[in-house]
Each structure stands twice: as C-alpha cells, then as structure tokens.
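coords.csv (CSV, C-alpha atoms)
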chain,number,residue,atom,x,y,z
U,1,ASP,CA,106.6,177.2,150.6
U,2,THR,CA,108.2,176.1,153.8
U,3,GLY,CA,111.7,177.5,153.0
U,4,VAL,CA,113.4,180.7,154.1
U,5,SER,CA,111.8,183.7,152.5
U,6,GLN,CA,113.1,187.3,152.1
U,7,ASN,CA,111.4,190.5,151.2
U,8,PRO,CA,111.8,192.5,149.1
U,9,ARG,CA,113.7,190.6,146.4
U,10,HIS,CA,115.1,193.7,144.9
U,11,LYS,CA,115.6,197.2,146.3
U,12,ILE,CA,117.0,200.2,144.5
U,13,THR,CA,117.7,203.2,146.6
U,14,LYS,CA,119.6,206.5,146.5
U,15,ARG,CA,122.7,207.0,148.4
U,16,GLY,CA,122.0,208.3,151.9
U,17,GLN,CA,118.6,206.7,152.2
U,18,ASN,CA,117.7,204.0,154.8
U,19,VAL,CA,116.6,200.5,153.8
U,20,THR,CA,115.1,197.6,155.7
U,21,PHE,CA,115.0,194.0,154.7
U,22,ARG,CA,113.0,191.2,156.2
U,23,CYS,CA,113.8,187.5,156.6
U,24,ASP,CA,111.3,184.7,157.6
U,25,PRO,CA,113.2,181.6,158.6
U,26,ILE,CA,112.1,178.0,158.3
U,27,SER,CA,109.5,177.5,161.1
U,28,GLU,CA,111.0,176.4,164.4
U,29,HIS,CA,114.6,177.1,163.3
U,30,ASN,CA,116.3,178.6,166.3
U,31,ARG,CA,119.2,180.2,164.5
U,32,LEU,CA,119.1,182.9,161.9
U,33,TYR,CA,122.1,184.3,159.9
U,34,TRP,CA,122.7,187.3,157.7
U,35,TYR,CA,125.3,187.1,154.9
U,36,ARG,CA,126.3,189.5,152.2
U,37,GLN,CA,127.3,188.4,148.7
U,38,THR,CA,129.0,190.5,146.1
U,39,LEU,CA,129.4,189.5,142.5
U,40,GLY,CA,131.9,186.6,142.0
U,41,GLN,CA,132.4,186.1,145.7
U,42,GLY,CA,131.1,183.7,148.3
U,43,PRO,CA,128.7,184.8,151.0
U,44,GLU,CA,130.3,186.8,153.9
U,45,PHE,CA,129.0,186.5,157.4
U,46,LEU,CA,127.4,189.6,158.9
U,47,THR,CA,125.6,188.5,162.1
U,48,TYR,CA,123.6,185.7,163.6
U,49,PHE,CA,120.8,185.2,166.2
U,50,GLN,CA,120.0,182.3,168.4
U,51,ASN,CA,116.3,182.8,169.1
U,52,GLU,CA,116.0,186.5,169.8
U,53,ALA,CA,119.5,187.0,171.0
U,54,GLN,CA,122.1,188.5,168.6
U,55,LEU,CA,125.2,186.5,169.5
U,56,GLU,CA,127.8,187.6,167.0
U,57,LYS,CA,128.5,190.5,164.6
U,58,SER,CA,131.1,190.6,162.0
U,59,ARG,CA,133.5,193.5,161.7
U,60,LEU,CA,131.8,194.0,158.3
U,61,LEU,CA,128.7,195.2,160.1
U,62,SER,CA,129.4,198.9,160.6
U,63,ASP,CA,127.4,201.1,162.9
U,64,ARG,CA,125.1,201.9,160.0
U,65,PHE,CA,123.8,198.3,160.0
U,66,SER,CA,121.4,197.0,162.6
U,67,ALA,CA,119.6,193.7,162.8
U,68,GLU,CA,116.8,192.5,165.0
U,69,ARG,CA,114.9,189.3,165.7
U,70,PRO,CA,112.3,190.6,168.2
U,71,LYS,CA,110.3,187.5,168.9
U,72,GLY,CA,112.8,184.8,167.8
U,73,SER,CA,110.9,184.4,164.5
U,74,PHE,CA,111.4,186.8,161.6
U,75,SER,CA,114.4,189.2,161.4
U,76,THR,CA,115.0,192.6,159.9
U,77,LEU,CA,118.3,194.1,158.7
U,78,GLU,CA,118.4,197.9,158.4
U,79,ILE,CA,121.1,199.9,156.7
U,80,GLN,CA,121.1,203.6,157.4
U,81,ARG,CA,122.7,206.2,155.2
U,82,THR,CA,123.3,203.8,152.4
U,83,GLU,CA,126.5,204.0,150.4
U,84,GLN,CA,127.3,202.7,147.0
U,85,GLY,CA,129.6,200.1,148.6
U,86,ASP,CA,126.5,198.6,150.3
U,87,SER,CA,125.3,197.3,146.9
U,88,ALA,CA,125.2,193.6,147.2
U,89,MET,CA,122.9,190.6,147.6
U,90,TYR,CA,121.9,190.2,151.3
U,91,LEU,CA,121.2,186.6,152.1
U,92,CYS,CA,119.4,185.2,155.1
U,93,ALA,CA,119.9,181.6,156.3
U,94,SER,CA,118.4,179.6,159.1
U,95,SER,CA,119.3,176.4,161.0
U,96,LEU,CA,118.0,174.1,163.7
U,97,GLU,CA,121.2,173.4,165.6
U,98,VAL,CA,120.2,171.0,168.2
U,99,ALA,CA,121.2,167.3,168.4
U,100,GLY,CA,123.9,167.8,165.8
U,101,GLY,CA,122.0,169.6,163.1
U,102,TYR,CA,124.3,172.1,161.5
U,103,GLU,CA,122.7,172.6,158.1
U,104,GLN,CA,122.1,176.2,157.1
U,105,TYR,CA,119.3,176.8,154.5
U,106,PHE,CA,119.4,180.0,152.5
U,107,GLY,CA,116.7,182.3,151.4
U,108,PRO,CA,116.5,183.8,147.8
U,109,GLY,CA,118.2,187.0,149.0
U,110,THR,CA,117.5,190.7,148.6
U,111,ARG,CA,119.5,192.4,145.9
U,112,LEU,CA,120.3,196.0,147.0
U,113,THR,CA,121.4,198.6,144.4
U,114,VAL,CA,122.5,202.0,145.8
U,115,THR,CA,122.6,204.7,143.1
X,1,GLY,CA,139.8,183.7,161.9
X,2,GLU,CA,139.1,181.0,159.4
X,3,ASN,CA,140.2,181.4,155.7
X,4,VAL,CA,139.0,179.1,153.0
X,5,GLU,CA,140.7,178.9,149.6
X,6,GLN,CA,139.0,177.2,146.6
X,7,HIS,CA,140.3,176.0,143.3
X,8,PRO,CA,139.8,176.2,140.4
X,9,SER,CA,137.8,179.3,139.9
X,10,THR,CA,136.4,178.0,136.6
X,11,LEU,CA,136.0,174.4,135.4
X,12,SER,CA,134.8,173.2,132.1
X,13,VAL,CA,134.1,169.5,131.5
X,14,GLN,CA,132.3,167.4,128.9
X,15,GLU,CA,129.0,165.8,129.8
X,16,GLY,CA,129.7,162.5,131.4
X,17,ASP,CA,133.1,163.4,132.7
X,18,SER,CA,134.0,163.9,136.4
X,19,ALA,CA,134.6,167.2,138.1
X,20,VAL,CA,136.7,167.8,141.1
X,21,ILE,CA,136.8,171.0,143.2
X,22,LYS,CA,139.3,171.5,146.0
X,23,CYS,CA,139.3,173.6,149.1
X,24,THR,CA,141.8,174.2,151.9
X,25,TYR,CA,141.0,175.8,155.3
X,26,SER,CA,143.3,177.4,157.8
X,27,ASP,CA,141.7,176.8,161.2
X,28,SER,CA,142.4,173.3,162.4
X,29,ALA,CA,139.4,173.6,164.8
X,30,SER,CA,136.9,173.7,161.9
X,31,ASN,CA,134.8,170.6,162.0
X,32,TYR,CA,131.9,171.0,159.6
X,33,PHE,CA,132.3,171.4,155.8
X,34,PRO,CA,129.3,171.9,153.6
X,35,TRP,CA,129.1,172.4,149.9
X,36,TYR,CA,126.6,174.7,148.2
X,37,LYS,CA,125.4,174.9,144.6
X,38,GLN,CA,124.2,178.3,143.4
X,39,GLU,CA,122.6,178.7,140.0
X,40,LEU,CA,122.4,182.2,138.4
X,41,GLY,CA,120.1,184.4,140.3
X,42,LYS,CA,119.1,181.8,142.8
X,43,ARG,CA,119.8,181.0,146.4
X,44,PRO,CA,122.8,178.8,147.5
X,45,GLN,CA,121.5,175.2,148.0
X,46,LEU,CA,123.2,172.7,150.3
X,47,ILE,CA,124.1,169.7,148.3
X,48,ILE,CA,126.4,167.7,150.6
X,49,ASP,CA,128.3,168.2,153.9
X,50,ILE,CA,130.9,166.3,155.9
X,51,ARG,CA,131.9,166.4,159.5
X,52,SER,CA,135.4,166.0,160.8
X,53,ASN,CA,134.9,162.6,162.2
X,54,VAL,CA,134.3,161.2,158.7
X,55,GLY,CA,136.8,161.0,155.8
X,56,GLU,CA,134.4,160.5,152.9
X,57,LYS,CA,130.6,160.9,152.2
X,58,LYS,CA,128.8,160.0,149.1
X,59,ASP,CA,125.3,160.8,147.8
X,60,GLN,CA,124.5,159.4,144.4
X,61,ARG,CA,126.8,161.2,141.9
X,62,ILE,CA,128.3,163.6,144.5
X,63,ALA,CA,131.0,162.8,147.0
X,64,VAL,CA,133.1,164.8,149.4
X,65,THR,CA,136.4,163.8,150.9
X,66,LEU,CA,138.2,165.3,153.9
X,67,ASN,CA,141.8,165.2,154.9
X,68,LYS,CA,142.1,166.8,158.3
X,69,THR,CA,145.8,166.5,158.5
X,70,ALA,CA,146.3,168.5,155.3
X,71,LYS,CA,143.2,170.7,156.1
X,72,HIS,CA,141.9,169.9,152.7
X,73,PHE,CA,138.5,168.8,151.4
X,74,SER,CA,137.2,168.2,147.9
X,75,LEU,CA,133.9,167.8,146.0
X,76,HIS,CA,133.7,165.1,143.4
X,77,ILE,CA,130.9,165.0,140.8
X,78,THR,CA,130.7,162.0,138.5
X,79,GLU,CA,128.8,161.5,135.3
X,80,THR,CA,128.3,165.2,135.0
X,81,GLN,CA,125.1,166.5,133.4
X,82,PRO,CA,124.3,170.0,131.9
X,83,GLU,CA,122.1,170.7,135.0
X,84,ASP,CA,125.2,170.4,137.1
X,85,SER,CA,126.4,173.7,135.6
X,86,ALA,CA,126.4,176.3,138.4
X,87,VAL,CA,128.7,178.0,140.9
X,88,TYR,CA,129.8,175.7,143.7
X,89,PHE,CA,131.0,177.1,147.1
X,90,CYS,CA,132.8,175.2,149.8
X,91,ALA,CA,132.6,176.4,153.4
X,92,ALA,CA,134.0,175.6,156.8
X,93,LYS,CA,132.7,176.1,160.3
X,94,TRP,CA,133.9,175.5,163.9
X,95,VAL,CA,130.7,174.1,165.4
X,96,THR,CA,131.4,174.1,169.1
X,97,GLY,CA,133.3,177.4,169.6
X,98,GLY,CA,133.9,179.3,166.4
X,99,GLY,CA,131.0,181.6,166.5
X,100,ASN,CA,128.8,179.4,164.3
X,101,LYS,CA,129.3,181.3,161.1
X,102,LEU,CA,130.2,179.6,157.8
X,103,THR,CA,133.3,180.9,156.1
X,104,PHE,CA,133.0,180.4,152.3
X,105,GLY,CA,135.4,179.9,149.5
X,106,THR,CA,135.3,182.2,146.5
X,107,GLY,CA,133.4,179.7,144.3
X,108,THR,CA,134.0,177.5,141.3
X,109,GLN,CA,132.0,178.2,138.1
X,110,LEU,CA,131.4,174.7,136.7
X,111,LYS,CA,130.3,174.4,133.0
X,112,VAL,CA,129.2,171.1,131.7
X,113,GLU,CA,129.4,171.1,127.9
X,114,LEU,CA,127.4,168.8,125.6

I'd like the structure from this file rewritten - as structure tokens, please.
Amino acid sequence: DTGVSQNPRHKITKRGQNVTFRCDPISEHNRLYWYRQTLGQGPEFLTYFQNEAQLEKSRLLSDRFSAERPKGSFSTLEIQRTEQGDSAMYLCASSLEVAGGYEQYFGPGTRLTVT
Amino acid sequence: GENVEQHPSTLSVQEGDSAVIKCTYSDSASNYFPWYKQELGKRPQLIIDIRSNVGEKKDQRIAVTLNKTAKHFSLHITETQPEDSAVYFCAAKWVTGGGNKLTFGTGTQLKVEL
C-alpha cells in the first residue's frame, strides 16, 4: 500500500494520560498535515510540515499538543494530559506541492476516545 | 480566516437522478477548491478539484463549477448510483499565501435510494 498510513487506528485512553500517534506519508511527499475531525463535521486543520519544518499551527493546537517530523518523513502527534474534549478522529494528509501539485491525500485516521 | 459554508447538510435522491451540493467561501484570495468523499469509517478521498483560473471541470459523472465573483462553487453528480452514497466535503485553500491549509465545509450526507 503506497498511500498514507496511520497508527494506531484506534486508541482508548483515560483522562490525563498521554498519547502519541504516528503518520507515514506517501513516499517523497514534502508536505504533511494534521487535521482533527469530530462527528458530523469536516476536518479542522491543526498543523503542517514542509519537510522537517513545522510551518503553521492552528489556534486549536493547545500547548498540550506537539507534533514532530524529525527527518522529513514520518510524523508524530502527541497529546499530553488528555481531556474528554480531545476525543476525535485525527487525520493525517500529505501532498507534493511542487510544480502546481496541490492535492492532499488523507490517511485512515486514528480514532481517539478519552474516558 | 477562511470560512466555508456547505448546503444542504443532507440530500436524498433516487438512483439515476442528479445531485448538486453547493459551497460558498469568504476569502477572495482562495484559489484551490477540492471535493472529498468520505464513506462511513473511511478516509476522505479526493474526487475532483478546481483552480481559480478555471470555471468548470468534469470527470465522467462528476463536475465542479466555480463562480469567483460570487465566491461560490458546486459539485454536480449525474446518473447517481447507490455507491455514491457518502458524506461529501468541499474545501478551499489559498495556495500562494494562506498557510496551505484546507478549510472544509461541514459536509453533505448524500443518500442514493433504489
């Protein structure tokens, strides 16, 4: 499978615990995005990387959230001290935005449930 | 920032009929407008997109139209089939200076009935 992959697919955690999600983008895609999707809503932008540089963060990304893309390949999203309001689907997308290519391709998501 | 509104929130059509979903955007600088299809429990899949230098784009049974003056774009599905049933999201992006994020609409649940 050469598409975007995410692990784990599901995560159940207790309030106050830390969780980490991983995203593997399509090979050679230079941009990687994180979105959050709650039931009945469209994805909401959290942050994006161009290669290893984190270039933009949404106001939705509180200081409990941190994302990395250390070698410009896979990325991790960590949520510290989880709250029930963090329960959502966390989607990763990647794109190769050179020469006019804007298409973002999404992974299957990690569904987080905070109890 | 950009705001995208999408209507209707639900749409039910008979198999073989056409379906139209409409979106409006607020930022006149937005210049890229993709549409995604999301089946229950699956990832959003890009089905068609349009850039601001084009007024219409068609791919088999799917077409998208863009009216930059009105800041309005629409998805048209002809000869609908049961497998078209899904949630459809429109989105907008300012490619050259808007931070590169997609701003999504709230989605349209399309149901194609036999």

Next item on the list: Show me which bits of chain U are within 7 Å of chain X, counting only C-alpha atoms, as a list in words.
Entry: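 Every residue meeting the condition is included here: Gln41, Gly42, Pro43, Glu44, Phe45, Glu56, Phe106, Gly107, Pro108 and Gly109 of chain U.
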
Next item on the list: For the point (120.4, 186.5, 151.5) in the file's frame, write as a PyMOL selection string all residues with an atom no more than 12 Å away, counting only C-alpha atoms.
Entry: (chain U and resi 4-10+21-25+32-38+42-47+75-77+88-94+104-112) or (chain X and resi 41-45)

Could the residues in this selection be saved with C-alpha atoms as a compact mmCIF listing (two decimals), in the frame of the given file?
# COMPACT_ATOMS: atom_id res chain seq x y z
CA VAL U 4 113.40 180.70 154.10
CA SER U 5 111.80 183.70 152.50
CA GLN U 6 113.10 187.30 152.10
CA ASN U 7 111.40 190.50 151.20
CA PRO U 8 111.80 192.50 149.10
CA ARG U 9 113.70 190.60 146.40
CA HIS U 10 115.10 193.70 144.90
CA PHE U 21 115.00 194.00 154.70
CA ARG U 22 113.00 191.20 156.20
CA CYS U 23 113.80 187.50 156.60
CA ASP U 24 111.30 184.70 157.60
CA PRO U 25 113.20 181.60 158.60
CA LEU U 32 119.10 182.90 161.90
CA TYR U 33 122.10 184.30 159.90
CA TRP U 34 122.70 187.30 157.70
CA TYR U 35 125.30 187.10 154.90
CA ARG U 36 126.30 189.50 152.20
CA GLN U 37 127.30 188.40 148.70
CA THR U 38 129.00 190.50 146.10
CA GLY U 42 131.10 183.70 148.30
CA PRO U 43 128.70 184.80 151.00
CA GLU U 44 130.30 186.80 153.90
CA PHE U 45 129.00 186.50 157.40
CA LEU U 46 127.40 189.60 158.90
CA THR U 47 125.60 188.50 162.10
CA SER U 75 114.40 189.20 161.40
CA THR U 76 115.00 192.60 159.90
CA LEU U 77 118.30 194.10 158.70
CA ALA U 88 125.20 193.60 147.20
CA MET U 89 122.90 190.60 147.60
CA TYR U 90 121.90 190.20 151.30
CA LEU U 91 121.20 186.60 152.10
CA CYS U 92 119.40 185.20 155.10
CA ALA U 93 119.90 181.60 156.30
CA SER U 94 118.40 179.60 159.10
CA GLN U 104 122.10 176.20 157.10
CA TYR U 105 119.30 176.80 154.50
CA PHE U 106 119.40 180.00 152.50
CA GLY U 107 116.70 182.30 151.40
CA PRO U 108 116.50 183.80 147.80
CA GLY U 109 118.20 187.00 149.00
CA THR U 110 117.50 190.70 148.60
CA ARG U 111 119.50 192.40 145.90
CA LEU U 112 120.30 196.00 147.00
CA GLY X 41 120.10 184.40 140.30
CA LYS X 42 119.10 181.80 142.80
CA ARG X 43 119.80 181.00 146.40
CA PRO X 44 122.80 178.80 147.50
CA GLN X 45 121.50 175.20 148.00

Notebook entry, point to check: For the point (135.7, 163.2, 145.6) in file coordinates, what residues are within 10 Å, counting only C-alpha atoms? Give the answer as a list in words?
Noted result: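 Residues with an atom at most 10 Å from (135.7, 163.2, 145.6): Ser18, Ala19, Val20, Ile21, Lys22, Glu56, Lys57, Lys58, Arg61, Ile62, Ala63, Val64, Thr65, Leu66, Phe73, Ser74, Leu75, His76, Ile77 and Thr78 of chain X.
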
Limited to C-alpha atoms, could you put the picked residues into a file as a PDB file, in the coordinates of the input?
ATOM      1  CA  SER X  18     134.000 163.900 136.400  1.00  0.00           C
ATOM      2  CA  ALA X  19     134.600 167.200 138.100  1.00  0.00           C
ATOM      3  CA  VAL X  20     136.700 167.800 141.100  1.00  0.00           C
ATOM      4  CA  ILE X  21     136.800 171.000 143.200  1.00  0.00           C
ATOM      5  CA  LYS X  22     139.300 171.500 146.000  1.00  0.00           C
ATOM      6  CA  GLU X  56     134.400 160.500 152.900  1.00  0.00           C
ATOM      7  CA  LYS X  57     130.600 160.900 152.200  1.00  0.00           C
ATOM      8  CA  LYS X  58     128.800 160.000 149.100  1.00  0.00           C
ATOM      9  CA  ARG X  61     126.800 161.200 141.900  1.00  0.00           C
ATOM     10  CA  ILE X  62     128.300 163.600 144.500  1.00  0.00           C
ATOM     11  CA  ALA X  63     131.000 162.800 147.000  1.00  0.00           C
ATOM     12  CA  VAL X  64     133.100 164.800 149.400  1.00  0.00           C
ATOM     13  CA  THR X  65     136.400 163.800 150.900  1.00  0.00           C
ATOM     14  CA  LEU X  66     138.200 165.300 153.900  1.00  0.00           C
ATOM     15  CA  PHE X  73     138.500 168.800 151.400  1.00  0.00           C
ATOM     16  CA  SER X  74     137.200 168.200 147.900  1.00  0.00           C
ATOM     17  CA  LEU X  75     133.900 167.800 146.000  1.00  0.00           C
ATOM     18  CA  HIS X  76     133.700 165.100 143.400  1.00  0.00           C
ATOM     19  CA  ILE X  77     130.900 165.000 140.800  1.00  0.00           C
ATOM     20  CA  THR X  78     130.700 162.000 138.500  1.00  0.00           C
TER      21      THR X  78
END

Next item on the list: Just give me the gap between CA of Ile79 in chain U and CA of Trp94 in chain X in Å, one decimal is fine.
Entry: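 So the two atoms, CA of Ile79 in chain U and CA of Trp94 in chain X, lie 28.5 Å apart.
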
Check: What separation in Å, quoted to one decimal, exists between CA of Pro70 in chain U and CA of Gln50 in chain U?
Finding: 11.3 Å

Next item on the list: Please indicate the distance in Å from CA of Gly55 in chain X to CA of Gln38 in chain X, rounded to one decimal place.
Entry: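 A separation of 24.7 Å between them.
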